[in-house]
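Here is final_19.cif, consisting of mmCIF, C-alpha atoms and all ligand atoms:
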```cif
data_start
#
loop_
_atom_site.label_atom_id
_atom_site.label_comp_id
_atom_site.auth_asym_id
_atom_site.auth_seq_id
_atom_site.Cartn_x
_atom_site.Cartn_y
_atom_site.Cartn_z
CA MET A 71 69.81 53.98 -27.99
CA THR A 72 68.90 54.86 -31.58
CA GLY A 73 71.33 55.43 -34.45
CA GLY A 74 72.67 58.97 -34.65
CA THR A 75 71.33 60.21 -31.31
CA ARG A 76 73.58 60.73 -28.30
CA ALA A 77 73.26 58.16 -25.53
CA SER A 78 71.71 59.45 -22.31
CA GLU A 79 73.49 59.06 -18.98
CA PHE A 80 71.01 56.29 -18.18
CA GLU A 81 71.82 54.39 -21.39
CA ILE A 82 75.54 54.67 -20.71
CA ARG A 83 75.14 53.42 -17.13
CA LEU A 84 72.86 50.57 -18.24
CA LEU A 85 75.52 49.41 -20.71
CA GLU A 86 78.19 49.73 -18.02
CA ALA A 87 76.10 47.66 -15.60
CA ALA A 88 75.56 45.05 -18.33
CA ASP A 89 79.29 44.89 -18.92
CA THR A 90 80.09 44.61 -15.19
CA THR A 91 77.48 41.86 -14.82
CA GLU A 92 78.70 39.95 -17.84
CA ARG A 93 82.29 40.01 -16.59
CA MET A 94 81.28 38.92 -13.10
CA LEU A 95 79.08 36.09 -14.44
CA GLU A 96 81.99 35.03 -16.69
CA SER A 97 84.30 34.87 -13.70
CA LEU A 98 81.80 32.94 -11.57
CA LEU A 99 80.70 30.43 -14.19
CA THR A 100 84.03 28.69 -14.76
CA LEU A 101 85.14 25.09 -14.53
CA SER A 102 87.23 25.74 -11.41
CA PRO A 103 85.48 24.21 -8.40
CA LEU A 104 85.09 26.30 -5.24
CA PRO A 105 86.13 24.96 -1.83
CA GLY A 106 83.57 22.31 -0.89
CA GLU A 107 82.68 21.51 -4.51
CA THR A 108 83.96 18.38 -6.28
CA VAL A 109 83.80 18.98 -10.04
CA ARG A 110 81.71 21.20 -12.27
CA PRO A 111 80.37 19.11 -15.17
CA PRO A 112 81.55 20.85 -18.38
CA ARG A 113 78.48 20.28 -20.57
CA PHE A 114 76.18 21.45 -17.78
CA LEU A 115 78.33 24.51 -17.13
CA GLU A 116 78.02 25.29 -20.83
CA ALA A 117 74.23 25.20 -20.50
CA MET A 118 74.32 27.46 -17.42
CA ARG A 119 76.50 29.91 -19.32
CA TYR A 120 74.16 29.77 -22.34
CA ALA A 121 71.23 30.66 -20.08
CA SER A 122 72.93 33.58 -18.38
CA LEU A 123 75.66 35.09 -20.56
CA GLY A 124 75.42 37.35 -23.58
CA GLY A 125 71.86 38.60 -23.42
CA GLY A 126 69.25 40.66 -21.67
CA LYS A 127 69.15 44.26 -20.61
CA ARG A 128 70.62 43.51 -17.17
CA PHE A 129 68.15 45.98 -15.73
CA ARG A 130 68.07 44.36 -12.27
CA PRO A 131 71.88 44.46 -11.88
CA PHE A 132 71.78 48.08 -13.04
CA LEU A 133 69.31 48.88 -10.22
CA THR A 134 71.55 47.27 -7.60
CA ILE A 135 74.72 48.93 -8.86
CA GLU A 136 73.19 52.40 -9.19
CA THR A 137 71.40 52.23 -5.83
CA ALA A 138 74.62 51.25 -4.05
CA ARG A 139 76.40 54.07 -5.88
CA LEU A 140 74.07 56.58 -4.22
CA PHE A 141 75.90 55.70 -1.02
CA GLY A 142 79.33 55.88 -2.58
CA VAL A 143 79.70 52.10 -2.76
CA ASP A 144 81.00 50.65 -6.00
CA ASN A 145 83.12 47.51 -5.73
CA ASP A 146 83.36 43.83 -6.63
CA GLY A 147 80.93 42.92 -3.86
CA ILE A 148 78.23 44.99 -5.56
CA ALA A 149 79.04 43.34 -8.89
CA ARG A 150 78.74 39.92 -7.24
CA ALA A 151 75.34 40.78 -5.75
CA ALA A 152 74.20 42.17 -9.10
CA ALA A 153 75.32 38.97 -10.87
CA ALA A 154 73.54 36.83 -8.26
CA ILE A 155 70.29 38.71 -8.85
CA GLU A 156 70.70 38.23 -12.59
CA MET A 157 71.19 34.49 -11.97
CA ILE A 158 67.83 34.38 -10.20
CA HIS A 159 66.24 36.29 -13.06
CA CYS A 160 67.80 33.98 -15.69
CA TYR A 161 66.69 30.89 -13.80
CA SER A 162 63.11 32.22 -13.74
CA LEU A 163 63.25 32.78 -17.50
CA VAL A 164 64.63 29.29 -18.18
CA HIS A 165 61.96 27.61 -16.07
CA ASP A 166 59.18 29.87 -17.32
CA ASP A 167 60.02 28.93 -20.92
CA LEU A 168 59.73 25.17 -20.26
CA PRO A 169 56.95 23.20 -22.00
CA ALA A 170 55.17 22.68 -18.66
CA LEU A 171 54.90 26.44 -18.19
CA ASP A 172 54.95 28.92 -21.10
CA ASN A 173 56.42 26.52 -23.66
CA ASP A 174 58.46 29.14 -25.49
CA ASP A 175 61.04 28.53 -28.21
CA LEU A 176 62.66 31.94 -28.26
CA ARG A 177 64.28 34.00 -25.52
CA ARG A 178 66.64 36.94 -25.84
CA GLY A 179 66.61 36.41 -29.59
CA ARG A 180 67.82 32.80 -29.54
CA PRO A 181 66.49 29.31 -28.81
CA THR A 182 65.37 28.84 -25.22
CA THR A 183 67.62 26.75 -22.99
CA HIS A 184 65.44 23.62 -23.22
CA LYS A 185 65.44 23.92 -27.03
CA ALA A 186 69.23 24.16 -27.06
CA PHE A 187 70.09 21.63 -24.33
CA GLY A 188 66.96 19.57 -23.64
CA GLU A 189 64.32 19.78 -20.95
CA ALA A 190 66.11 17.89 -18.19
CA ALA A 191 69.19 20.08 -18.55
CA ALA A 192 67.03 23.25 -18.55
CA ILE A 193 65.34 22.25 -15.29
CA LEU A 194 68.74 21.66 -13.73
CA VAL A 195 70.18 24.87 -15.20
CA GLY A 196 67.44 26.78 -13.38
CA ASP A 197 68.15 24.88 -10.18
CA GLY A 198 71.89 25.46 -10.60
CA LEU A 199 71.51 29.22 -11.14
CA LEU A 200 69.10 29.56 -8.22
CA THR A 201 71.43 27.73 -5.85
CA TYR A 202 74.55 29.51 -7.09
CA ALA A 203 72.90 32.91 -6.56
CA PHE A 204 72.62 32.19 -2.84
CA ASP A 205 76.19 30.88 -2.75
CA VAL A 206 77.43 34.14 -4.29
CA MET A 207 75.39 36.32 -1.91
CA ALA A 208 76.51 34.39 1.18
CA ASP A 209 80.22 34.42 0.27
CA PRO A 210 82.38 36.83 2.31
CA ALA A 211 83.67 38.23 -1.00
CA THR A 212 80.27 39.92 -1.41
CA HIS A 213 80.48 41.78 1.91
CA LYS A 214 82.85 41.41 4.82
CA ASP A 215 80.10 41.89 7.44
CA PRO A 216 78.14 38.64 8.03
CA ALA A 217 75.11 40.67 9.19
CA VAL A 218 74.95 42.40 5.81
CA ARG A 219 75.22 39.06 4.01
CA VAL A 220 72.48 37.49 6.10
CA GLU A 221 70.22 40.46 5.38
CA LEU A 222 70.93 40.13 1.66
CA VAL A 223 70.25 36.39 1.64
CA LEU A 224 67.09 36.58 3.74
CA ALA A 225 65.56 39.38 1.70
CA LEU A 226 66.42 37.50 -1.51
CA ALA A 227 64.74 34.33 -0.26
CA ARG A 228 61.63 36.33 0.62
CA ALA A 229 61.57 38.11 -2.74
CA ALA A 230 62.18 35.02 -4.86
CA GLY A 231 60.19 32.42 -2.94
CA LEU A 232 56.77 31.40 -1.74
CA GLY A 233 55.40 34.84 -0.94
CA GLY A 234 57.31 36.52 -3.78
CA MET A 235 58.24 35.50 -7.32
CA ILE A 236 57.29 31.82 -7.06
CA GLY A 237 54.04 32.60 -5.23
CA GLY A 238 53.24 35.12 -7.96
CA GLN A 239 53.90 32.53 -10.65
CA ILE A 240 51.50 30.14 -8.89
CA LEU A 241 48.78 32.83 -8.70
CA ASP A 242 49.41 33.48 -12.39
CA LEU A 243 48.89 29.81 -13.26
CA GLU A 244 45.72 29.70 -11.17
CA ALA A 245 44.41 32.82 -12.89
CA GLU A 246 45.07 31.24 -16.29
CA GLU A 247 42.87 28.29 -15.33
CA ALA A 248 40.06 30.42 -13.88
CA ARG A 249 36.87 30.89 -15.90
CA GLU A 250 35.98 34.37 -14.67
CA PRO A 251 37.81 37.44 -15.99
CA HIS A 252 40.69 38.53 -13.80
CA GLU A 253 39.97 41.45 -11.48
CA ALA A 254 42.51 44.27 -11.75
CA ALA A 255 43.27 44.07 -7.99
CA ALA A 256 44.15 40.38 -8.28
CA VAL A 257 46.36 41.01 -11.31
CA ILE A 258 48.12 43.85 -9.50
CA LYS A 259 48.82 41.58 -6.54
CA LEU A 260 50.15 38.69 -8.60
CA GLN A 261 52.31 41.01 -10.70
CA SER A 262 53.77 42.66 -7.60
CA MET A 263 54.90 39.18 -6.56
CA LYS A 264 55.86 37.59 -9.87
CA THR A 265 57.80 40.50 -11.35
CA GLY A 266 57.78 43.29 -8.78
CA ALA A 267 59.39 41.42 -5.90
CA LEU A 268 62.72 40.77 -7.67
CA LEU A 269 62.92 44.29 -9.13
CA HIS A 270 62.18 45.70 -5.68
CA TYR A 271 64.85 43.43 -4.24
CA ALA A 272 67.39 44.64 -6.79
CA VAL A 273 66.95 48.15 -5.37
CA GLU A 274 66.83 46.86 -1.78
CA ALA A 275 70.09 44.95 -2.24
CA GLY A 276 71.81 48.17 -3.33
CA ALA A 277 70.47 49.90 -0.21
CA ILE A 278 71.59 47.02 2.03
CA LEU A 279 75.08 47.02 0.52
CA GLY A 280 75.17 50.82 0.74
CA GLN A 281 74.17 50.47 4.40
CA ALA A 282 71.51 53.11 3.85
CA GLY A 283 69.70 54.66 6.79
CA ALA A 284 65.97 54.20 7.43
CA PRO A 285 64.65 57.26 5.51
CA ALA A 286 66.68 56.40 2.42
CA ARG A 287 65.65 52.73 2.68
CA ALA A 288 61.96 53.73 2.86
CA ALA A 289 62.21 56.06 -0.14
CA LEU A 290 64.05 53.44 -2.18
CA SER A 291 61.52 50.82 -1.19
CA SER A 292 58.65 53.00 -2.51
CA PHE A 293 60.68 53.56 -5.67
CA GLY A 294 61.27 49.82 -6.09
CA HIS A 295 57.62 48.91 -5.60
CA ALA A 296 56.35 51.49 -8.10
CA LEU A 297 59.08 50.64 -10.60
CA GLY A 298 58.37 46.91 -10.35
CA ALA A 299 54.66 47.43 -10.94
CA ALA A 300 55.31 49.78 -13.87
CA PHE A 301 57.72 47.28 -15.43
CA GLN A 302 55.12 44.51 -15.60
CA VAL A 303 52.29 46.74 -16.93
CA ALA A 304 54.75 47.95 -19.57
CA ASP A 305 55.49 44.29 -20.37
CA ASP A 306 51.77 43.56 -20.77
CA ILE A 307 51.48 46.51 -23.16
CA LEU A 308 54.62 45.48 -25.06
CA ASP A 309 53.20 42.00 -25.57
CA ILE A 310 50.47 43.60 -27.66
CA GLU A 311 52.36 46.43 -29.30
CA ALA A 312 55.94 45.35 -29.75
CA ASP A 313 57.71 43.92 -32.68
CA GLU A 314 58.74 40.30 -32.08
CA LEU A 315 62.21 40.92 -33.45
CA ALA A 316 62.87 43.79 -31.04
CA LEU A 317 61.33 41.84 -28.17
CA GLY A 318 63.52 38.77 -28.77
CA LYS A 319 60.65 36.51 -27.71
CA ARG A 320 57.20 35.64 -28.98
CA ALA A 321 54.82 38.62 -28.96
CA GLY A 322 51.01 38.58 -28.63
CA LYS A 323 51.08 35.42 -26.54
CA ASP A 324 49.19 36.74 -23.50
CA ALA A 325 45.80 37.14 -25.19
CA GLY A 326 45.85 33.61 -26.61
CA ARG A 327 46.53 32.08 -23.20
CA ASN A 328 43.96 33.80 -21.00
CA LYS A 329 46.89 35.45 -19.22
CA ALA A 330 46.13 37.64 -16.23
CA THR A 331 47.37 40.98 -17.57
CA LEU A 332 46.41 44.52 -16.74
CA VAL A 333 45.67 45.12 -20.41
CA ALA A 334 43.02 42.37 -20.20
CA ALA A 335 41.68 43.64 -16.87
CA LEU A 336 41.67 47.38 -17.58
CA GLY A 337 41.95 47.83 -21.36
CA ILE A 338 44.97 49.25 -23.17
CA GLU A 339 44.32 52.94 -22.47
CA ALA A 340 43.83 52.51 -18.73
CA ALA A 341 46.87 50.20 -18.62
CA ARG A 342 48.98 52.93 -20.27
CA LYS A 343 47.70 55.48 -17.77
CA ARG A 344 48.51 53.19 -14.88
CA ARG A 345 52.03 52.56 -16.23
CA ASP A 346 52.64 56.32 -16.54
CA SER A 347 51.27 57.10 -13.11
CA LEU A 348 53.43 54.36 -11.55
CA VAL A 349 56.49 55.81 -13.28
CA ALA A 350 55.57 59.25 -11.89
CA SER A 351 55.21 57.73 -8.38
CA ALA A 352 58.61 56.03 -8.70
CA ILE A 353 60.23 59.34 -9.64
CA GLU A 354 58.41 61.16 -6.85
CA ALA A 355 59.64 58.62 -4.31
CA LEU A 356 63.17 59.65 -5.21
CA ASP A 357 62.33 63.34 -4.78
CA SER A 358 61.88 62.72 -1.08
CA PHE A 359 65.12 60.79 -1.01
CA PRO A 360 67.82 62.54 1.04
CA GLN A 361 70.37 62.13 -1.78
CA GLY A 362 67.72 63.18 -4.36
CA ALA A 363 70.14 65.17 -6.45
CA LYS A 364 72.27 62.08 -7.11
CA ALA A 365 69.31 59.89 -8.01
CA THR A 366 68.85 61.28 -11.54
CA VAL A 367 69.95 58.10 -13.28
CA LEU A 368 67.42 56.05 -11.30
CA LYS A 369 64.70 58.53 -12.28
CA GLU A 370 65.73 58.06 -15.90
CA ALA A 371 65.50 54.31 -15.33
CA ALA A 372 61.87 54.76 -14.30
CA GLN A 373 61.21 56.66 -17.50
CA PHE A 374 62.93 53.94 -19.50
CA VAL A 375 60.47 51.41 -18.10
CA ALA A 376 57.61 53.27 -19.78
CA THR A 377 59.36 53.88 -23.09
CA ARG A 378 61.28 50.63 -23.59
CA THR A 379 60.67 48.61 -26.75
CA HIS A 380 62.12 45.30 -25.53
C1 LIG A 401 60.48 30.51 -11.51
C2 LIG A 401 59.13 29.54 -13.38
C3 LIG A 401 59.42 30.65 -12.51
C4 LIG A 401 58.71 31.75 -12.69
C5 LIG A 401 58.71 32.94 -11.89
C6 LIG A 401 59.59 35.87 -13.14
C7 LIG A 401 58.82 34.70 -13.61
C8 LIG A 401 57.96 34.02 -12.63
C9 LIG A 401 58.90 34.24 -14.85
C10 LIG A 401 59.79 34.83 -15.86
C11 LIG A 401 59.08 35.14 -17.14
C12 LIG A 401 58.34 36.41 -17.19
C13 LIG A 401 57.56 36.69 -18.40
C14 LIG A 401 58.39 37.28 -16.22
C15 LIG A 401 57.76 38.55 -16.20
C16 LIG A 401 58.83 39.51 -15.94
C17 LIG A 401 59.52 39.92 -17.16
C18 LIG A 401 58.91 40.99 -17.94
C19 LIG A 401 60.65 39.34 -17.51
C20 LIG A 401 61.52 39.81 -18.61
O1 LIG A 401 62.45 40.69 -18.00
P1 LIG A 401 63.38 41.64 -18.85
O2 LIG A 401 62.55 42.45 -19.79
O3 LIG A 401 64.22 40.57 -19.68
O4 LIG A 401 64.26 42.40 -17.90
P2 LIG A 401 65.77 40.60 -20.10
O5 LIG A 401 65.88 39.53 -21.16
O6 LIG A 401 66.10 41.97 -20.63
O7 LIG A 401 66.54 40.27 -18.87
#
```

Go through the file and emit its structure as structure tokens.
Ligand code: GRG
Amino acid sequence: MTGGTRASEFEIRLLEAADTTERMLESLLTLSPLPGETVRPPRFLEAMRYASLGGGKRFRPFLTIETARLFGVDNDGIARAAAAIEMIHCYSLVHDDLPALDNDDLRRGRPTTHKAFGEAAAILVGDGLLTYAFDVMADPATHKDPAVRVELVLALARAAGLGGMIGGQILDLEAEEAREPHEAAAVIKLQSMKTGALLHYAVEAGAILGQAGAPARAALSSFGHALGAAFQVADDILDIEADELALGKRAGKDAGRNKATLVAALGIEAARKRRDSLVASAIEALDSFPQGAKATVLKEAAQFVATRTH
């Protein structure tokens, strides 16, 4: 949103999703132990809260909340799932910023978790958020039907794990060490895992909680895949073009690190074209969606991916 201009429906809903997520994270990350827990160490809880509260666009929670809304579902269970997905995202940021990986000092406009709390705490904060995300998803408060919860948990494990986000991070590290330039096809694959899988899951989780039928699930899956791919190309472009202050993290770091980006593989113009065509595909996927008329805000979300500045 820029000063003086009216906020779009998408911007309003993104802020609402951020608010819902923040409140849910606040209520989950408290000192009160859950049944089966002993105590929650206060200083560690503070670090987990630092890593997850008060920052970020909350774009993944927005996707879950708005997808579920297409099916008329809007309740605390959706907010819990959205918060759990954000916990996974925050954990990946905390671990990615560690000295052994990207070694970054700045995230979301403030010192990274390891800078604020030390490396050992940051490793454990990531572990704590990852584990808690599965706890939240598996809890009956998220959905009364155990079959729905198992589907949510299984799909999350697949998206976040070996053949998803973590696998993509490994391919990314291997690409960084390689001598040859990165082929576009290889970069596309690793990005679909590293970044795309969780964004796709955020949409999928909304469809699972909305108990969507097969045609709607397929359309939303195509939307999620195209959106996830567009998001990472846009991130590669932003790394070159964006202002560090707006970005809230170090800019221009990809080129210096032999990072496998689509800008490096294709050049900036072709990367922009690919981003725009992926956004168009994401929007088109929703045209074939049975509830197409209600999907406007998700279409606007796809456009946001191409135009975002942070
Ligand atoms: C588990 C170490 C580890 C890594 C997994 C996802 C990932 C790989 C690392 C996170 C860092 C990173 C640069 C990911 C690429 C995806 C991306 C653009 C993340 C930033 O997401 P935004 O823009 O951030 O949604 P905010 O701060 O708004 O939530």

Kindly provide the residues of chain A that approach ligand LIG 401 (chain A) to within 7 Å, each paired with its closest atom pair and their distance in Å to one decimal, based on all atoms listed in the file, listed by chain and increasing number, as a tab-separated table.
```
residue	atom	partner	partner_atom	distance
A:Gly125	CA	A:LIG401	O5	6.5
A:Gly126	CA	A:LIG401	O6	3.6
A:Lys127	CA	A:LIG401	O6	3.8
A:Arg128	CA	A:LIG401	O7	5.5
A:Phe129	CA	A:LIG401	O4	5.7
A:His159	CA	A:LIG401	C6	6.7
A:Tyr161	CA	A:LIG401	C1	6.6
A:Ser162	CA	A:LIG401	C1	3.8
A:Leu163	CA	A:LIG401	C10	4.3
A:His165	CA	A:LIG401	C2	4.4
A:Asp166	CA	A:LIG401	C2	4.0
A:Arg178	CA	A:LIG401	O5	5.4
A:Met235	CA	A:LIG401	C5	5.3
A:Ile236	CA	A:LIG401	C5	5.2
A:Gly238	CA	A:LIG401	C8	6.7
A:Gln239	CA	A:LIG401	C8	4.8
A:Lys264	CA	A:LIG401	C8	5.0
A:Thr265	CA	A:LIG401	C16	4.8
A:Phe301	CA	A:LIG401	C18	6.9
A:Gln302	CA	A:LIG401	C18	5.7
A:Asp305	CA	A:LIG401	C18	5.3
A:His380	CA	A:LIG401	O2	6.4
```

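Atom CA of Ala335 of chain A to atom CA of Leu308 of chain A spans 15.4 Å [interatomic distance, one decimal].
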
What's the 7 Å shell around Val223 of chain A, counting all atoms listed in the file, without same-chain residues fewer than 5 positions away, as JSON, numbers by chain? {"A": [204, 207, 208]}

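With all atoms listed in the file as the atoms that count, the residue of A:Leu140, A:Ala330, A:Ala256, A:Leu199 with the shortest distance to Arg119 of chain A is A:Leu199.
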
Given all atoms listed in the file as the counted atoms, nearest of A:Gly147, A:Gly106, A:Gly179, A:Gly124 to Gly276 of chain A: A:Gly147

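Distance annotation: of A:Thr134, A:Thr331, A:Asn173, A:Thr379, the residue with the minimal separation from Leu269 of chain A is A:Thr134; atom set is only C-alpha atoms.
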
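Of the listed residues A:Ala267, A:Val375, A:Leu297, A:Leu332, the one whose atoms come nearest to Ala230 of chain A is A:Ala267, with distances taken using all atoms listed in the file.
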
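Using all atoms listed in the file, the smallest distance between any of A:Glu92, A:Asp209, A:Arg287, A:Arg228 and Phe141 of chain A comes from A:Arg287.
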
Would you kindly return, as an mmCIF file with C-alpha atoms, keeping the file's coordinate frame, each protein, DNA or RNA residue with an atom no farther than 9 Å from any atom of Ala304 of chain A, considering all atoms listed in the file and excluding same-chain residues fewer than 4 positions away?
```
data_model
loop_
_atom_site.group_PDB
_atom_site.id
_atom_site.type_symbol
_atom_site.label_atom_id
_atom_site.label_comp_id
_atom_site.auth_asym_id
_atom_site.auth_seq_id
_atom_site.Cartn_x
_atom_site.Cartn_y
_atom_site.Cartn_z
ATOM 1 C CA ALA A 299 54.660 47.430 -10.940
ATOM 2 C CA ALA A 300 55.310 49.780 -13.870
ATOM 3 C CA LEU A 308 54.620 45.480 -25.060
ATOM 4 C CA ASP A 309 53.200 42.000 -25.570
ATOM 5 C CA ALA A 341 46.870 50.200 -18.620
ATOM 6 C CA ARG A 342 48.980 52.930 -20.270
ATOM 7 C CA ARG A 345 52.030 52.560 -16.230
ATOM 8 C CA VAL A 375 60.470 51.410 -18.100
ATOM 9 C CA ALA A 376 57.610 53.270 -19.780
ATOM 10 C CA THR A 377 59.360 53.880 -23.090
ATOM 11 C CA ARG A 378 61.280 50.630 -23.590
#
```

When distances are computed from all atoms listed in the file, which of A:Leu168, A:Ile278, A:Ala372, A:Ala352 shows the smallest separation from Val220 of chain A? A:Ile278

Atomic distance atom CA of Asp205 of chain A - atom CA of Arg177 of chain A, expressed in Å with one decimal: 25.9 Å

Which residues, written as a count of residues only, have at least one atom at most 9 Å from Leu85 of chain A, with only C-alpha atoms counted and residues fewer than 3 positions away on the same chain left out? 9

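One finds atom CA of Leu232 of chain A at 29.2 Å from atom CA of Glu116 of chain A.
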
For the point (67.5, 57.1, -6.7) in the file's frame, write as a ChimeraX atom specification all residues with an atom no more than 10 Å away, counting all atoms listed in the file. /A:133,136-140,273,286,289-290,293-294,352-372

Need to verify the contact set: Ala170 of chain A, 12 Å, only C-alpha atoms, exclusion of same-chain residues closer than 2 positions in sequence. Can you return it as a ChimeraX atom specification? /A:164-168,172-174,184,189-190,192-193,243
